[in-house]
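Quick look at my_file-v9.pdb (PDB, C-alpha atoms):
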ATOM      1  CA  MET A   1       0.000   0.000   0.000
ATOM      2  CA  ILE A   2       1.357   3.441  -0.937
ATOM      3  CA  THR A   3       1.698   5.741   2.075
ATOM      4  CA  ASP A   4       3.713   8.493   0.404
ATOM      5  CA  ASP A   5       3.614  10.621  -2.720
ATOM      6  CA  PRO A   6       5.642   9.200  -5.656
ATOM      7  CA  THR A   7       6.600  12.754  -6.628
ATOM      8  CA  ARG A   8       8.360  13.164  -3.283
ATOM      9  CA  LYS A   9      10.289   9.968  -3.973
ATOM     10  CA  ALA A  10      11.478  11.310  -7.324
ATOM     11  CA  ASN A  11      12.338  14.715  -5.864
ATOM     12  CA  LEU A  12      14.389  13.064  -3.133
ATOM     13  CA  LEU A  13      16.634  11.461  -5.744
ATOM     14  CA  PHE A  14      17.023  14.764  -7.616
ATOM     15  CA  SER A  15      17.974  16.547  -4.392
ATOM     16  CA  LEU A  16      20.616  13.936  -3.524
ATOM     17  CA  LEU A  17      22.267  14.379  -6.927
ATOM     18  CA  ASN A  18      21.925  18.148  -7.020
ATOM     19  CA  GLU A  19      25.542  18.980  -6.127
ATOM     20  CA  LEU A  20      27.187  16.288  -8.254
ATOM     21  CA  PRO A  21      28.566  16.804 -11.797
ATOM     22  CA  LEU A  22      26.236  14.843 -14.039
ATOM     23  CA  GLU A  23      27.298  12.679 -16.980
ATOM     24  CA  GLY A  24      23.995  12.585 -18.822
ATOM     25  CA  TYR A  25      20.264  12.588 -18.266
ATOM     26  CA  GLU A  26      18.150  10.049 -20.104
ATOM     27  CA  ALA A  27      14.405   9.510 -20.017
ATOM     28  CA  SER A  28      12.284   6.746 -21.499
ATOM     29  CA  PHE A  29       8.833   5.357 -21.954
ATOM     30  CA  LYS A  30       7.749   1.749 -21.642
ATOM     31  CA  ILE A  31       4.747   0.136 -23.298
ATOM     32  CA  MET A  32       3.000  -3.128 -22.527
ATOM     33  CA  LEU A  33      -0.524  -4.319 -23.297
ATOM     34  CA  HIS A  34      -2.891  -1.447 -22.375
ATOM     35  CA  THR A  35      -0.041   0.130 -20.371
ATOM     36  CA  PHE A  36       2.012   3.264 -21.075
ATOM     37  CA  HIS A  37       4.642   4.394 -18.533
ATOM     38  CA  ASN A  38       6.447   7.645 -19.262
ATOM     39  CA  ILE A  39       7.780   8.724 -15.863
ATOM     40  CA  ARG A  40      11.159   7.004 -16.119
ATOM     41  CA  PHE A  41      14.635   8.527 -16.015
ATOM     42  CA  LEU A  42      18.317   7.710 -15.553
ATOM     43  CA  ILE A  43      20.971  10.180 -14.365
ATOM     44  CA  GLY A  44      24.661   9.344 -14.744
ATOM     45  CA  VAL A  45      27.573  10.319 -12.496
ATOM     46  CA  LYS A  46      31.195   9.350 -13.115
ATOM     47  CA  THR A  47      32.291   7.001 -10.348
ATOM     48  CA  LYS A  48      35.500   9.000  -9.779
ATOM     49  CA  ASN A  49      33.440  12.148  -9.117
ATOM     50  CA  MET A  50      31.602  10.634  -6.169
ATOM     51  CA  SER A  51      33.159   9.836  -2.797
ATOM     52  CA  LYS A  52      32.225   6.690  -0.925
ATOM     53  CA  ASN A  53      30.628   8.806   1.809
ATOM     54  CA  CYS A  54      28.498  10.556  -0.797
ATOM     55  CA  PHE A  55      27.457   7.276  -2.402
ATOM     56  CA  ASP A  56      26.723   5.702   0.991
ATOM     57  CA  ASN A  57      24.535   8.660   1.908
ATOM     58  CA  ILE A  58      22.548   8.367  -1.320
ATOM     59  CA  CYS A  59      22.030   4.633  -0.779
ATOM     60  CA  SER A  60      20.954   5.248   2.818
ATOM     61  CA  GLU A  61      18.500   8.022   1.922
ATOM     62  CA  LEU A  62      16.972   5.899  -0.847
ATOM     63  CA  LYS A  63      16.812   2.911   1.517
ATOM     64  CA  MET A  64      18.724   0.632  -0.821
ATOM     65  CA  PRO A  65      18.316  -2.974   0.411
ATOM     66  CA  ASP A  66      21.348  -4.282   2.315
ATOM     67  CA  THR A  67      21.740  -7.235  -0.067
ATOM     68  CA  CYS A  68      21.896  -4.866  -3.046
ATOM     69  CA  TYR A  69      24.242  -2.467  -1.290
ATOM     70  CA  ARG A  70      26.747  -5.195  -0.445
ATOM     71  CA  GLN A  71      26.833  -6.485  -4.032
ATOM     72  CA  CYS A  72      27.085  -2.952  -5.374
ATOM     73  CA  ILE A  73      30.023  -1.988  -3.134
ATOM     74  CA  GLU A  74      31.910  -5.114  -4.189
ATOM     75  CA  LYS A  75      31.774  -4.038  -7.847
ATOM     76  CA  ILE A  76      31.693  -0.249  -7.787
ATOM     77  CA  SER A  77      35.485   0.182  -8.037
ATOM     78  CA  ASP A  78      35.375  -1.569 -11.449
ATOM     79  CA  SER A  79      32.731   0.810 -12.793
ATOM     80  CA  ASN A  80      33.246   4.059 -14.679
ATOM     81  CA  ILE A  81      29.721   5.443 -14.273
ATOM     82  CA  VAL A  82      26.946   5.029 -11.723
ATOM     83  CA  LEU A  83      23.426   5.538 -13.059
ATOM     84  CA  PHE A  84      20.636   6.535 -10.702
ATOM     85  CA  GLY A  85      17.098   5.866 -11.864
ATOM     86  CA  PHE A  86      13.444   6.240 -10.977
ATOM     87  CA  GLU A  87      10.267   4.790 -12.460
ATOM     88  CA  GLU A  88       6.617   5.399 -11.600
ATOM     89  CA  ASP A  89       3.750   3.397 -13.053
ATOM     90  CA  GLY A  90       0.815   4.866 -11.187
ATOM     91  CA  ASN A  91       0.563   2.070  -8.624
ATOM     92  CA  HIS A  92       4.090   2.066  -7.265
ATOM     93  CA  CYS A  93       7.529   3.487  -7.944
ATOM     94  CA  VAL A  94      10.998   2.014  -8.149
ATOM     95  CA  TYR A  95      14.506   3.284  -7.409
ATOM     96  CA  LYS A  96      17.362   1.988  -9.548
ATOM     97  CA  ILE A  97      21.147   2.056  -9.372
ATOM     98  CA  TYR A  98      23.237   0.693 -12.243
ATOM     99  CA  LEU A  99      26.982   0.194 -12.378
ATOM    100  CA  GLU A 100      28.467   0.618 -15.856
ATOM    101  CA  PHE A 101      31.698  -1.196 -16.784
ATOM    102  CA  ASN A 102      32.169   0.260 -20.260
ATOM    103  CA  LYS A 103      35.697   1.627 -19.789
ATOM    104  CA  LYS A 104      37.032  -1.631 -18.374
ATOM    105  CA  ASN A 105      35.319  -3.707 -21.071
ATOM    106  CA  ARG A 106      36.600  -1.617 -23.962
ATOM    107  CA  ALA A 107      40.162  -1.819 -22.663
ATOM    108  CA  MET A 108      39.907  -5.619 -22.710
ATOM    109  CA  MET A 109      38.127  -6.163 -26.017
ATOM    110  CA  HIS A 110      39.642  -3.672 -28.455
ATOM    111  CA  PRO A 111      43.151  -5.128 -28.834
ATOM    112  CA  LYS A 112      41.769  -8.378 -30.245
ATOM    113  CA  LYS A 113      38.192  -7.347 -31.123
ATOM    114  CA  SER A 114      36.922 -10.046 -28.808
ATOM    115  CA  GLU A 115      33.374 -11.295 -29.291
ATOM    116  CA  ASP A 116      33.297 -12.816 -25.814
ATOM    117  CA  PRO A 117      30.286 -11.592 -23.833
ATOM    118  CA  VAL A 118      31.032  -9.307 -20.872
ATOM    119  CA  LEU A 119      29.073  -7.794 -18.001
ATOM    120  CA  GLN A 120      28.279  -4.219 -19.108
ATOM    121  CA  TYR A 121      25.800  -3.202 -16.402
ATOM    122  CA  LEU A 122      24.773  -4.501 -13.022
ATOM    123  CA  GLY A 123      21.388  -3.132 -12.021
ATOM    124  CA  PHE A 124      19.807  -2.907  -8.576
ATOM    125  CA  LYS A 125      16.086  -2.096  -8.409
ATOM    126  CA  TRP A 126      13.817  -1.855  -5.402
ATOM    127  CA  ASP A 127      10.320  -0.705  -4.499
ATOM    128  CA  ALA A 128      10.597   2.870  -3.191
ATOM    129  CA  PHE A 129       7.855   2.160  -0.643
ATOM    130  CA  ASP A 130       8.908  -1.342   0.391
ATOM    131  CA  ASN A 131      12.610  -2.140  -0.094
ATOM    132  CA  ARG A 132      12.027  -5.795   0.758
ATOM    133  CA  LYS A 133      10.945  -6.073  -2.884
ATOM    134  CA  PHE A 134      14.043  -5.876  -5.055
ATOM    135  CA  LEU A 135      15.755  -7.354  -8.102
ATOM    136  CA  VAL A 136      19.326  -7.576  -9.332
ATOM    137  CA  THR A 137      19.622  -7.532 -13.117
ATOM    138  CA  THR A 138      22.662  -8.384 -15.208
ATOM    139  CA  TYR A 139      23.182  -6.830 -18.649
ATOM    140  CA  ILE A 140      25.548  -8.830 -20.833
ATOM    141  CA  TRP A 141      27.225  -7.151 -23.825
ATOM    142  CA  PHE A 142      27.871  -9.196 -26.969
ATOM    143  CA  PRO A 143      30.518  -7.051 -28.724
ATOM    144  CA  PHE A 144      31.685  -7.236 -32.331
ATOM    145  CA  ILE A 145      28.861  -9.527 -33.391
ATOM    146  CA  SER A 146      27.390  -8.990 -36.844
ATOM    147  CA  SER A 147      23.982  -7.421 -37.341
ATOM    148  CA  ALA A 148      22.765 -10.785 -38.676
ATOM    149  CA  ILE A 149      23.809 -12.627 -35.515
ATOM    150  CA  MET A 150      22.236  -9.895 -33.405
ATOM    151  CA  ARG A 151      18.930 -10.302 -35.231
ATOM    152  CA  ASP A 152      19.116 -14.093 -34.794
ATOM    153  CA  ARG A 153      19.580 -13.648 -31.049
ATOM    154  CA  ILE A 154      16.556 -11.347 -30.894
ATOM    155  CA  ASP A 155      14.542 -13.896 -32.903
ATOM    156  CA  ARG A 156      15.343 -16.611 -30.354
ATOM    157  CA  LEU A 157      14.469 -14.312 -27.472
ATOM    158  CA  TYR A 158      10.843 -13.862 -28.563
ATOM    159  CA  ASN A 159       8.061 -16.406 -28.273
ATOM    160  CA  LYS A 160       6.339 -17.568 -31.452
ATOM    161  CA  SER A 161       3.148 -15.872 -30.269
ATOM    162  CA  ASP A 162       4.810 -12.441 -30.411
ATOM    163  CA  GLN A 163       5.955 -12.453 -34.029
ATOM    164  CA  ILE A 164       4.085  -9.267 -34.948
ATOM    165  CA  GLN A 165       5.824  -7.313 -32.219
ATOM    166  CA  LEU A 166       9.140  -8.886 -33.228
ATOM    167  CA  LEU A 167       8.704  -7.701 -36.816
ATOM    168  CA  LEU A 168       7.921  -4.158 -35.643
ATOM    169  CA  ILE A 169      11.042  -4.089 -33.480
ATOM    170  CA  LYS A 170      13.218  -5.490 -36.266
ATOM    171  CA  ASP A 171      11.982  -2.759 -38.633
ATOM    172  CA  LEU A 172      12.947  -0.138 -36.061
ATOM    173  CA  ILE A 173      16.355  -1.760 -35.560
ATOM    174  CA  GLN A 174      16.947  -1.841 -39.308
ATOM    175  CA  LEU A 175      16.268   1.897 -39.518
ATOM    176  CA  GLY A 176      18.757   2.557 -36.714
ATOM    177  CA  LEU A 177      21.493   0.322 -38.098
ATOM    178  CA  SER A 178      21.129   1.799 -41.594
ATOM    179  CA  GLN A 179      22.170   5.150 -40.099
ATOM    180  CA  THR A 180      25.114   3.689 -38.138
ATOM    181  CA  ARG A 181      28.241   3.197 -40.212
ATOM    182  CA  ASP A 182      31.095   3.085 -37.698
ATOM    183  CA  ALA A 183      32.613  -0.326 -38.435
ATOM    184  CA  PHE A 184      35.452   0.253 -35.970
ATOM    185  CA  GLU A 185      33.138   0.298 -32.961
ATOM    186  CA  PRO A 186      31.057  -2.694 -31.853
ATOM    187  CA  TYR A 187      27.310  -2.460 -31.506
ATOM    188  CA  ILE A 188      26.348  -2.045 -27.867
ATOM    189  CA  TYR A 189      23.900  -4.921 -27.930
ATOM    190  CA  LEU A 190      22.940  -6.222 -24.486
ATOM    191  CA  GLU A 191      20.789  -9.011 -23.112
ATOM    192  CA  ALA A 192      19.285  -8.708 -19.652
ATOM    193  CA  SER A 193      18.139 -11.280 -17.136
ATOM    194  CA  ASP A 194      17.065 -11.427 -13.489
ATOM    195  CA  MET A 195      17.966 -14.316 -11.247
ATOM    196  CA  LYS A 196      14.507 -14.634  -9.688
ATOM    197  CA  SER A 197      12.118 -13.456 -12.379
ATOM    198  CA  LYS A 198      10.937 -14.018 -15.944
ATOM    199  CA  ARG A 199      12.999 -11.125 -17.316
ATOM    200  CA  LYS A 200      14.403 -11.871 -20.771
ATOM    201  CA  SER A 201      15.146  -8.913 -22.972
ATOM    202  CA  PHE A 202      17.601  -7.107 -25.235
ATOM    203  CA  ASP A 203      18.855  -3.539 -25.372
ATOM    204  CA  LEU A 204      20.471  -1.853 -28.391
ATOM    205  CA  ASN A 205      22.238   1.507 -28.184
ATOM    206  CA  LEU A 206      21.370   3.658 -31.217
ATOM    207  CA  TYR A 207      22.800   7.050 -30.243
ATOM    208  CA  LYS A 208      25.246   6.941 -33.166
ATOM    209  CA  ALA A 209      22.356   6.700 -35.619
ATOM    210  CA  GLY A 210      21.575  10.355 -34.889
ATOM    211  CA  LEU A 211      17.830   9.813 -35.233
ATOM    212  CA  THR A 212      15.230  12.004 -33.601
ATOM    213  CA  MET A 213      12.158  10.610 -31.896
ATOM    214  CA  GLY A 214      10.154  12.202 -34.697
ATOM    215  CA  GLN A 215      11.965  10.103 -37.286
ATOM    216  CA  ILE A 216      11.010   6.858 -35.555
ATOM    217  CA  GLU A 217       7.428   7.911 -34.768
ATOM    218  CA  PRO A 218       5.835   5.748 -37.519
ATOM    219  CA  TYR A 219       7.468   2.642 -36.035
ATOM    220  CA  ILE A 220       6.508   3.522 -32.462
ATOM    221  CA  SER A 221       2.932   4.287 -33.479
ATOM    222  CA  LYS A 222       2.588   0.779 -34.907
ATOM    223  CA  SER A 223       3.839  -0.646 -31.609
ATOM    224  CA  MET A 224       1.365   1.579 -29.738
ATOM    225  CA  ASN A 225      -1.427   0.060 -31.831
ATOM    226  CA  PHE A 226      -0.086  -3.439 -31.229
ATOM    227  CA  PHE A 227      -0.117  -2.899 -27.454
ATOM    228  CA  GLU A 228      -3.518  -1.156 -27.672
ATOM    229  CA  ILE A 229      -2.344   2.132 -26.148
ATOM    230  CA  ASP A 230      -4.679   5.135 -26.075
ATOM    231  CA  THR A 231      -3.728   7.178 -29.158
ATOM    232  CA  ARG A 232      -4.602  10.561 -27.662
ATOM    233  CA  LYS A 233      -2.427  10.012 -24.595
ATOM    234  CA  TRP A 234       0.507   8.924 -26.752
ATOM    235  CA  ASN A 235       0.177  11.851 -29.165
ATOM    236  CA  ILE A 236       0.135  14.437 -26.368
ATOM    237  CA  PHE A 237       3.268  12.948 -24.853
ATOM    238  CA  PHE A 238       5.054  12.469 -28.168
ATOM    239  CA  TRP A 239       4.597  16.118 -29.204
ATOM    240  CA  LYS A 240       6.824  17.100 -26.270
ATOM    241  CA  ILE A 241       9.692  14.747 -27.192
ATOM    242  CA  ARG A 242       9.584  14.701 -30.996
ATOM    243  CA  ASN A 243      12.883  16.625 -31.342
ATOM    244  CA  LYS A 244      14.809  14.616 -28.735
ATOM    245  CA  LEU A 245      17.670  12.345 -29.782
ATOM    246  CA  LEU A 246      16.895   8.620 -29.827
ATOM    247  CA  GLY A 247      19.109   6.778 -27.345
ATOM    248  CA  HIS A 248      18.419   3.064 -27.283
ATOM    249  CA  ILE A 249      15.582   0.586 -27.494
ATOM    250  CA  SER A 250      14.826  -2.373 -25.289
ATOM    251  CA  GLY A 251      12.322  -5.158 -25.789
ATOM    252  CA  GLY A 252      11.370  -8.656 -24.746
ATOM    253  CA  TYR A 253       9.778  -9.822 -21.518
ATOM    254  CA  SER A 254       9.659  -8.016 -18.187
ATOM    255  CA  SER A 255      10.243  -9.494 -14.730
ATOM    256  CA  SER A 256       6.534 -10.377 -14.668
ATOM    257  CA  GLY A 257       6.769 -12.129 -18.036
ATOM    258  CA  ASP A 258       4.869  -9.443 -19.977
ATOM    259  CA  SER A 259       5.958  -8.441 -23.485
ATOM    260  CA  PHE A 260       7.256  -4.859 -23.566
ATOM    261  CA  LEU A 261       9.070  -2.212 -25.580
ATOM    262  CA  SER A 262      11.061   0.640 -24.013
ATOM    263  CA  VAL A 263      12.489   3.626 -25.891
ATOM    264  CA  TYR A 264      15.132   5.909 -24.357
ATOM    265  CA  TYR A 265      16.027   9.449 -25.387
ATOM    266  CA  ASP A 266      18.418  12.226 -24.365
ATOM    267  CA  VAL A 267      16.544  14.745 -22.215
ATOM    268  CA  PHE A 268      18.886  17.664 -22.972
ATOM    269  CA  SER A 269      18.927  17.208 -26.756
ATOM    270  CA  ASP A 270      16.710  19.104 -29.157
ATOM    271  CA  GLN A 271      17.553  18.124 -32.715
ATOM    272  CA  ILE A 272      15.783  20.563 -35.030
ATOM    273  CA  ALA A 273      16.192  19.892 -38.747
TER
END
Full structure transcribed into C-alpha cells:
Amino acid sequence: MITDDPTRKANLLFSLLNELPLEGYEASFKIMLHTFHNIRFLIGVKTKNMSKNCFDNICSELKMPDTCYRQCIEKISDSNIVLFGFEEDGNHCVYKIYLEFNKKNRAMMHPKKSEDPVLQYLGFKWDAFDNRKFLVTTYIWFPFISSAIMRDRIDRLYNKSDQIQLLLIKDLIQLGLSQTRDAFEPYIYLEASDMKSKRKSFDLNLYKAGLTMGQIEPYISKSMNFFEIDTRKWNIFFWKIRNKLLGHISGGYSSSGDSFLSVYYDVFSDQIA
C-alpha cells in the first residue's frame, strides 16, 4: 500500500544528486498491453566524481536494500559510471542504481576485437515504498557480433506468439542500423536477465544513428497500436519529445513475463532539422 507521494520519492533522488557533476540525463517510456509508462529517467555520475561517503549517503537516503548495497560496493570500483534511476507506473515506484563497466570492457576487447560476452551493467532495483521487494539484473554485452547474428539472437528471445511485435522491433532496428556506419566500434547490444524473475530482454544503443524521436514515430505508433495504447495520450506525450535524440531501445519480456518495448532518449537534446 502506498503511504507516500511518488513525486516526493522522485524529488528526493534529484535533491541527492543536485551537487554532483552529471554525466547525462536520459528519459524513457515503456509500453506493454494497455499500459504506457512515461515517468522514467536515468541520471549518470562518473564514479570517480563521487566519494564513498556521498554514495553511501545516497544509498541510505533511498533505503537501498542491504543485499543490493553489499553487491554494489563489491563491484563499484570496477565501474566508470553510476546511473541513478526512478520509475513510476501509477501504482508504485521504483529506485534503480546501475553500475556501468564500459571503460574496463573496452580496454579488454579492443586489442583483439573479442566477441566474448562481458558484463556491461549490473542493475539494482527496489520498491521505493517497500525495499524488501528488489531485483538484481545483469546486462551482458555481446561485442563485435554482426547485425545478422544480433537479429538471430533477438529472434530466439521472442516467443512464437509475439511475431508481430518482433517484426515491428526489427523494422525499427533496421532503420537505426542503416544510419550507423562506424565499423570500428562494436554495436552495444545487451541481453538482460534477473535471477529470480521471468525477465528476458535485449537492449540496443542507437545514439550513433543520430535519429530524432520524430523520425522513428511511424514505427513507435505501430507498436502503440499493437499494445492497444490510447492514441490521444501517446500523441500528447510524443509532441513534447519529438525533437529529442533517440538513445536506445529495449524489448522482450519483463520481470513479470509481460511483453514490452522501451524507448530511451536524451533529455537535454533538441535536434531541429
Name all residues at most 10 Å from segment 94-96 of chain A (count only C-alpha atoms; drop same-chain ones fewer than 2 positions away) and give them as a PyMOL selection string. chain A and resi 6+9-10+13+40-42+62-64+83-89+92+98+123-131+133-136
Selection: 12 Å around Arg199 of chain A, all atoms listed in the file, excl. self and same-chain fewer than 5 positions, as a list of chain:residue names: A:Leu135, A:Val136, A:Thr137, A:Thr138, A:Tyr139, A:Leu157, A:Tyr158, A:Glu191, A:Ala192, A:Ser193, A:Asp194, A:Ser250, A:Gly251, A:Gly252, A:Tyr253, A:Ser254, A:Ser255, A:Ser256, A:Gly257, A:Asp258, A:Ser259, A:Phe260
Give me the residues within 12 Å of Asp56 of chain A as a PyMOL selection string, counting all atoms listed in the file and dropping any in the same chain fewer than 4 places off. chain A and resi 16+50-52+60-64+66+69-70+72-73+76
Could you tell me how far atom CA of Asp155 of chain A lies from atom CA of Lys200 of chain A, in Å and to one decimal? 12.3 Å
Taking the file as shown, find all residues satisfying the PyMOL selection byres ((chain A and resi 103) around 10) and write them as a ChimeraX atom specification. /A:78-81,100-102,104-108,120
For the file shown, report as a ChimeraX atom specification the outcome of the PyMOL selection byres ((chain A and resi 241) around 10) at residue level. /A:212-214,236-240,242-246,265-267,269-270
Preceding selection exported with C-alpha atoms as a PDB file, in the coordinates of the input:
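Generated output (part.pdb):
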ATOM      1  CA  THR A 212      15.230  12.004 -33.601  1.00  0.00           C
ATOM      2  CA  MET A 213      12.158  10.610 -31.896  1.00  0.00           C
ATOM      3  CA  GLY A 214      10.154  12.202 -34.697  1.00  0.00           C
ATOM      4  CA  ILE A 236       0.135  14.437 -26.368  1.00  0.00           C
ATOM      5  CA  PHE A 237       3.268  12.948 -24.853  1.00  0.00           C
ATOM      6  CA  PHE A 238       5.054  12.469 -28.168  1.00  0.00           C
ATOM      7  CA  TRP A 239       4.597  16.118 -29.204  1.00  0.00           C
ATOM      8  CA  LYS A 240       6.824  17.100 -26.270  1.00  0.00           C
ATOM      9  CA  ARG A 242       9.584  14.701 -30.996  1.00  0.00           C
ATOM     10  CA  ASN A 243      12.883  16.625 -31.342  1.00  0.00           C
ATOM     11  CA  LYS A 244      14.809  14.616 -28.735  1.00  0.00           C
ATOM     12  CA  LEU A 245      17.670  12.345 -29.782  1.00  0.00           C
ATOM     13  CA  LEU A 246      16.895   8.620 -29.827  1.00  0.00           C
ATOM     14  CA  TYR A 265      16.027   9.449 -25.387  1.00  0.00           C
ATOM     15  CA  ASP A 266      18.418  12.226 -24.365  1.00  0.00           C
ATOM     16  CA  VAL A 267      16.544  14.745 -22.215  1.00  0.00           C
ATOM     17  CA  SER A 269      18.927  17.208 -26.756  1.00  0.00           C
ATOM     18  CA  ASP A 270      16.710  19.104 -29.157  1.00  0.00           C
TER      19      ASP A 270
END
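Using the PyMOL selection byres ((chain A and resi 227) around 10) on the file at hand returns these residues: A:Ile31, A:Met32, A:Leu33, A:His34, A:Thr35, A:Phe36, A:Gln165, A:Ser221, A:Lys222, A:Ser223, A:Met224, A:Asn225, A:Phe226, A:Glu228, A:Ile229, A:Asp230, A:Ser259, A:Phe260, A:Leu261.
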Write out the residues from the selection above, keeping C-alpha atoms, as a compact mmCIF listing (two decimals), in the frame of the given file.
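Ended up saving to again04.txt:
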# COMPACT_ATOMS: atom_id res chain seq x y z
CA ILE A 31 4.75 0.14 -23.30
CA MET A 32 3.00 -3.13 -22.53
CA LEU A 33 -0.52 -4.32 -23.30
CA HIS A 34 -2.89 -1.45 -22.38
CA THR A 35 -0.04 0.13 -20.37
CA PHE A 36 2.01 3.26 -21.08
CA GLN A 165 5.82 -7.31 -32.22
CA SER A 221 2.93 4.29 -33.48
CA LYS A 222 2.59 0.78 -34.91
CA SER A 223 3.84 -0.65 -31.61
CA MET A 224 1.36 1.58 -29.74
CA ASN A 225 -1.43 0.06 -31.83
CA PHE A 226 -0.09 -3.44 -31.23
CA GLU A 228 -3.52 -1.16 -27.67
CA ILE A 229 -2.34 2.13 -26.15
CA ASP A 230 -4.68 5.14 -26.08
CA SER A 259 5.96 -8.44 -23.48
CA PHE A 260 7.26 -4.86 -23.57
CA LEU A 261 9.07 -2.21 -25.58
Distance cut-off 7 Å, centre (17.3, -0.1, -31.5) in file coordinates, counting all atoms listed in the file: which residues qualify? Return them as a ChimeraX atom specification. /A:172-173,176,204-206,248-249
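Between Ser146 of chain A and the candidates A:Ile43, A:Val118, A:Ile188, A:Phe14, the tightest atom-to-atom separation, counting all atoms listed in the file, involves A:Ile188.
In terms of minimum interatomic distance to Arg8 of chain A, A:Cys93 ranks closest within A:Trp141, A:Cys93, A:His37, A:Cys68, counting only C-alpha atoms.
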Excluding Tyr264 of chain A and any residue of its chain fewer than 4 positions from it, enumerate the residues within 6 Å of it, using all atoms listed in the file, and give them as a ChimeraX atom specification. /A:27-28,247-248
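The interatomic distance for the pair atom CA of Ile97 of chain A and atom CA of Tyr189 of chain A works out to 20.0 Å.
Checking A:Gln71, A:Thr7, A:Pro218, A:Leu17 one by one against Lys46 of chain A, counting all atoms listed in the file, you find the shortest gap at A:Leu17.
From atom CA of Lys170 of chain A back to atom CA of Tyr25 of chain A, the distance works out to 26.5 Å.
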Go through A:Asn18, A:Asn38, A:Asn11, A:Ser147 and flag the residue nearest Val263 of chain A, using only C-alpha atoms for the distances. A:Asn38
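Of the listed residues A:Pro186, A:Ile140, A:Arg232, A:Pro65, the one whose atoms come nearest to Pro117 of chain A is A:Ile140, with distances taken using only C-alpha atoms.
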